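S.K.: Contents of my_file34.cif (mmCIF, C-alpha atoms):
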```
data_query
#
loop_
_atom_site.group_PDB
_atom_site.id
_atom_site.type_symbol
_atom_site.label_atom_id
_atom_site.label_comp_id
_atom_site.auth_asym_id
_atom_site.auth_seq_id
_atom_site.Cartn_x
_atom_site.Cartn_y
_atom_site.Cartn_z
ATOM 1 C CA MET Z 1 -4.035 -18.993 54.069
ATOM 2 C CA ASN Z 2 -6.666 -19.874 56.621
ATOM 3 C CA ASN Z 3 -6.043 -19.591 60.324
ATOM 4 C CA LEU Z 4 -7.941 -22.709 61.337
ATOM 5 C CA CYS Z 5 -4.873 -24.083 63.121
ATOM 6 C CA ASN Z 6 -5.477 -21.507 65.849
ATOM 7 C CA THR Z 7 -9.054 -22.680 66.347
ATOM 8 C CA ILE Z 8 -8.433 -26.376 67.111
ATOM 9 C CA ASP Z 9 -7.901 -27.245 70.791
ATOM 10 C CA VAL Z 10 -6.867 -30.727 71.870
ATOM 11 C CA SER Z 11 -7.371 -31.864 75.468
ATOM 12 C CA VAL Z 12 -6.263 -35.160 76.990
ATOM 13 C CA THR Z 13 -7.052 -37.218 80.068
ATOM 14 C CA THR Z 14 -5.138 -40.395 80.893
ATOM 15 C CA ARG Z 15 -5.505 -43.421 83.100
ATOM 16 C CA TYR Z 16 -3.376 -46.399 84.038
ATOM 17 C CA LEU Z 17 -4.930 -49.792 83.246
ATOM 18 C CA ALA Z 18 -3.593 -51.956 86.079
ATOM 19 C CA GLU Z 19 -5.754 -54.911 85.039
ATOM 20 C CA HIS Z 20 -3.968 -55.083 81.650
ATOM 21 C CA SER Z 21 -0.473 -54.287 82.951
ATOM 22 C CA HIS Z 22 2.260 -56.653 84.097
ATOM 23 C CA PRO Z 23 4.998 -54.582 85.776
ATOM 24 C CA GLU Z 24 7.114 -57.709 86.374
ATOM 25 C CA ASP Z 25 7.315 -58.061 82.565
ATOM 26 C CA GLU Z 26 7.885 -54.306 82.011
ATOM 27 C CA ARG Z 27 4.401 -54.005 80.535
ATOM 28 C CA TYR Z 28 2.470 -50.869 81.521
ATOM 29 C CA VAL Z 29 -0.792 -50.135 79.720
ATOM 30 C CA PHE Z 30 -2.291 -46.651 79.622
ATOM 31 C CA ALA Z 31 -5.511 -45.345 78.118
ATOM 32 C CA TYR Z 32 -5.995 -41.790 76.923
ATOM 33 C CA ASP Z 33 -9.136 -39.874 76.074
ATOM 34 C CA ILE Z 34 -8.773 -37.161 73.453
ATOM 35 C CA THR Z 35 -11.216 -34.317 72.833
ATOM 36 C CA ILE Z 36 -10.678 -32.216 69.728
ATOM 37 C CA ARG Z 37 -12.587 -28.939 69.873
ATOM 38 C CA ASN Z 38 -13.177 -26.817 66.773
ATOM 39 C CA ASN Z 39 -13.557 -23.240 68.006
ATOM 40 C CA GLY Z 40 -13.539 -21.928 64.451
ATOM 41 C CA SER Z 41 -16.295 -20.797 62.124
ATOM 42 C CA GLU Z 42 -15.934 -23.599 59.560
ATOM 43 C CA PRO Z 43 -15.678 -27.399 59.670
ATOM 44 C CA ALA Z 44 -12.335 -29.205 59.709
ATOM 45 C CA GLN Z 45 -11.581 -32.843 58.945
ATOM 46 C CA LEU Z 46 -9.020 -34.903 60.835
ATOM 47 C CA LEU Z 47 -6.909 -36.696 58.230
ATOM 48 C CA SER Z 48 -4.052 -38.279 60.178
ATOM 49 C CA ARG Z 49 -2.189 -38.482 63.472
ATOM 50 C CA HIS Z 50 1.445 -38.315 64.524
ATOM 51 C CA TRP Z 51 2.450 -39.396 68.023
ATOM 52 C CA ILE Z 52 5.827 -39.295 69.748
ATOM 53 C CA ILE Z 53 5.786 -41.680 72.720
ATOM 54 C CA THR Z 54 8.704 -41.528 75.161
ATOM 55 C CA ASP Z 55 9.139 -43.979 78.010
ATOM 56 C CA GLY Z 56 10.922 -43.388 81.311
ATOM 57 C CA ASN Z 57 14.209 -44.659 79.852
ATOM 58 C CA GLY Z 58 14.109 -42.013 77.109
ATOM 59 C CA LYS Z 59 13.251 -44.555 74.397
ATOM 60 C CA THR Z 60 11.125 -42.851 71.755
ATOM 61 C CA GLN Z 61 8.602 -44.422 69.421
ATOM 62 C CA GLU Z 62 6.865 -42.546 66.606
ATOM 63 C CA VAL Z 63 3.429 -43.552 65.388
ATOM 64 C CA ARG Z 64 1.834 -42.174 62.233
ATOM 65 C CA GLY Z 65 -1.443 -43.216 60.751
ATOM 66 C CA SER Z 66 -4.561 -42.296 58.910
ATOM 67 C CA GLY Z 67 -7.347 -40.857 61.050
ATOM 68 C CA VAL Z 68 -8.016 -41.967 64.611
ATOM 69 C CA VAL Z 69 -9.684 -45.203 65.760
ATOM 70 C CA GLY Z 70 -10.535 -45.994 62.135
ATOM 71 C CA GLU Z 71 -12.236 -42.670 61.457
ATOM 72 C CA GLN Z 72 -11.444 -39.386 59.712
ATOM 73 C CA PRO Z 73 -14.099 -37.263 61.383
ATOM 74 C CA VAL Z 74 -15.321 -33.898 60.162
ATOM 75 C CA ILE Z 75 -15.631 -31.627 63.188
ATOM 76 C CA ASP Z 76 -18.187 -28.899 62.639
ATOM 77 C CA ALA Z 77 -17.625 -25.319 63.710
ATOM 78 C CA ASP Z 78 -18.158 -24.878 67.463
ATOM 79 C CA ASP Z 79 -18.283 -28.641 67.965
ATOM 80 C CA GLU Z 80 -15.998 -31.363 69.263
ATOM 81 C CA TYR Z 81 -15.018 -34.966 68.644
ATOM 82 C CA SER Z 82 -13.819 -37.377 71.331
ATOM 83 C CA TYR Z 83 -12.230 -40.795 71.216
ATOM 84 C CA SER Z 84 -10.303 -43.176 73.446
ATOM 85 C CA SER Z 85 -7.185 -45.166 72.671
ATOM 86 C CA GLY Z 86 -4.216 -46.607 74.486
ATOM 87 C CA THR Z 87 -0.531 -47.352 74.485
ATOM 88 C CA LEU Z 88 1.855 -49.879 75.977
ATOM 89 C CA MET Z 89 5.125 -48.831 77.615
ATOM 90 C CA ALA Z 90 8.040 -50.645 79.248
ATOM 91 C CA THR Z 91 8.236 -48.155 82.137
ATOM 92 C CA ALA Z 92 5.850 -46.869 84.814
ATOM 93 C CA VAL Z 93 6.266 -43.274 83.626
ATOM 94 C CA GLY Z 94 6.397 -41.725 80.172
ATOM 95 C CA SER Z 95 4.960 -39.049 77.965
ATOM 96 C CA MET Z 96 3.222 -38.491 74.649
ATOM 97 C CA GLN Z 97 2.906 -35.540 72.297
ATOM 98 C CA GLY Z 98 2.206 -35.007 68.649
ATOM 99 C CA SER Z 99 -0.173 -33.487 66.152
ATOM 100 C CA PHE Z 100 -3.225 -34.084 64.010
ATOM 101 C CA THR Z 101 -3.170 -33.201 60.329
ATOM 102 C CA MET Z 102 -6.433 -31.396 59.662
ATOM 103 C CA GLN Z 103 -8.034 -30.067 56.498
ATOM 104 C CA GLY Z 104 -10.321 -27.069 56.190
ATOM 105 C CA GLU Z 105 -13.262 -27.024 53.807
ATOM 106 C CA ASP Z 106 -11.109 -25.005 51.391
ATOM 107 C CA GLY Z 107 -8.834 -28.065 51.082
ATOM 108 C CA GLU Z 108 -5.912 -26.459 52.910
ATOM 109 C CA GLN Z 109 -4.166 -28.742 55.372
ATOM 110 C CA PHE Z 110 -2.727 -27.651 58.704
ATOM 111 C CA GLU Z 111 -1.298 -29.185 61.872
ATOM 112 C CA ALA Z 112 -3.165 -29.108 65.191
ATOM 113 C CA PRO Z 113 -0.537 -29.622 67.923
ATOM 114 C CA ILE Z 114 -1.026 -31.980 70.853
ATOM 115 C CA ALA Z 115 0.891 -30.649 73.863
ATOM 116 C CA PRO Z 116 3.022 -33.129 75.811
ATOM 117 C CA PHE Z 117 1.178 -35.068 78.496
ATOM 118 C CA SER Z 118 2.370 -37.555 81.107
ATOM 119 C CA LEU Z 119 1.521 -41.197 81.499
ATOM 120 C CA ALA Z 120 2.256 -42.468 84.997
ATOM 121 C CA VAL Z 121 1.274 -45.278 87.313
ATOM 122 C CA PRO Z 122 -0.553 -43.626 90.260
ATOM 123 C CA GLY Z 123 1.764 -42.937 93.165
ATOM 124 C CA VAL Z 124 4.963 -43.096 91.087
ATOM 125 C CA LEU Z 125 5.289 -39.328 90.569
ATOM 126 C CA HIS Z 126 5.247 -36.909 93.488
#
```
Turn the structure described in the file into structure tokens.

M.R.:
Amino acid sequence: MNNLCNTIDVSVTTRYLAEHSHPEDERYVFAYDITIRNNGSEPAQLLSRHWIITDGNGKTQEVRGSGVVGEQPVIDADDEYSYSSGTLMATAVGSMQGSFTMQGEDGEQFEAPIAPFSLAVPGVLH
């Protein structure tokens, strides 16, 4: 068994998109930028994603899909891949977490975890 899962680091930055949000209609739009870093010695391909999105009311939505933003990138050793996406929530505060299913060049699949991160309208959290 390979140990590639220990070599994939996922970092996230988020931002609130006020121009696309309508708080009066419980519509809050957030963007997130993901960077997937392969610190290993061999390439790995991102096959699919699994997100768990939780709003401020505790309502959870799961999203699964092939690749990210229409791609299934191969991330070379000591390289990274970045993309931007977004989500819509009914509350001003929420969180996301999940995992990417990756595949090493030996064909073995593994999960790269995405640690929980917050989505919040600026000024709402102290």

S.K.: Expand the PyMOL selection byres ((chain Z and resi 31-40) around 7) into the explicit residue set it covers here, and present it as a list in words.

M.R.: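 Listing what the PyMOL selection byres ((chain Z and resi 31-40) around 7) selects in the shown file: Leu4, Thr7, Ile8, Asp9, Val10, Ser11, Val12, Thr13, Thr14, Arg15, Tyr16, Leu17, Val29, Phe30, Ser41, Glu42, Ile75, Asp76, Ala77, Asp78, Asp79, Glu80, Tyr81, Ser82, Tyr83, Ser84, Ser85, Gly86 and Thr87 of chain Z.
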
S.K.: Of the residues Z:Pro116, Z:Gly56, Z:Gly70, Z:Gly98, which is the one nearest to Tyr28 in chain Z, using only C-alpha atoms?

M.R.: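 Under the stated criterion, the closest residue is Z:Gly56.
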
S.K.: Just give me the gap between CA of Val93 in chain Z and CA of Leu119 in chain Z in Å, one decimal is fine.

M.R.: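 Going from CA of Val93 in chain Z over to CA of Leu119 in chain Z covers 5.6 Å.
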
S.K.: Run the PyMOL selection byres ((chain Z and resi 57-60) around 12) on the file and write out the hits as a ChimeraX atom specification.

M.R.: /Z:26,51-56,61-63,89-97

S.K.: Distance CA of Pro43 in chain Z-CA of Ser118 in chain Z, one decimal place?

M.R.: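 Separation between CA of Pro43 in chain Z and CA of Ser118 in chain Z: 29.8 Å.
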
S.K.: From the set Z:Asn6, Z:Ser48, Z:Ser66, Z:Gln72, which residue has the shortest atom-to-atom contact distance to Ser99 in chain Z, counting all atoms listed in the file?

M.R.: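 Of Z:Asn6, Z:Ser48, Z:Ser66, Z:Gln72, the one nearest Ser99 in chain Z, counting all atoms listed in the file, is Z:Ser48.
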
S.K.: Rounded to one decimal place, report the CA of Ile114 in chain Z-CA of His22 in chain Z distance in Å.

M.R.: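 So the two atoms, CA of Ile114 in chain Z and CA of His22 in chain Z, lie 28.2 Å apart.
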
S.K.: Using the chain letters and residue numbers of this document, give as a CSV table (one decimal) with C-alpha atoms, in the coordinates of the input the residues selected by the PyMOL selection byres ((chain Z and resi 46) around 8).

M.R.:
```csv
chain,number,residue,atom,x,y,z
Z,44,ALA,CA,-12.3,-29.2,59.7
Z,45,GLN,CA,-11.6,-32.8,58.9
Z,47,LEU,CA,-6.9,-36.7,58.2
Z,48,SER,CA,-4.1,-38.3,60.2
Z,67,GLY,CA,-7.3,-40.9,61.0
Z,72,GLN,CA,-11.4,-39.4,59.7
Z,73,PRO,CA,-14.1,-37.3,61.4
Z,74,VAL,CA,-15.3,-33.9,60.2
Z,75,ILE,CA,-15.6,-31.6,63.2
Z,100,PHE,CA,-3.2,-34.1,64.0
Z,101,THR,CA,-3.2,-33.2,60.3
Z,102,MET,CA,-6.4,-31.4,59.7
Z,103,GLN,CA,-8.0,-30.1,56.5
```

S.K.: Considering all atoms listed in the file, state which residue in the set Z:Leu88, Z:Gly65, Z:Gly123, Z:Glu108 is at the smallest distance from Arg27 in chain Z.

M.R.: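 That would be Z:Leu88, the residue with the smallest distance to Arg27 in chain Z.
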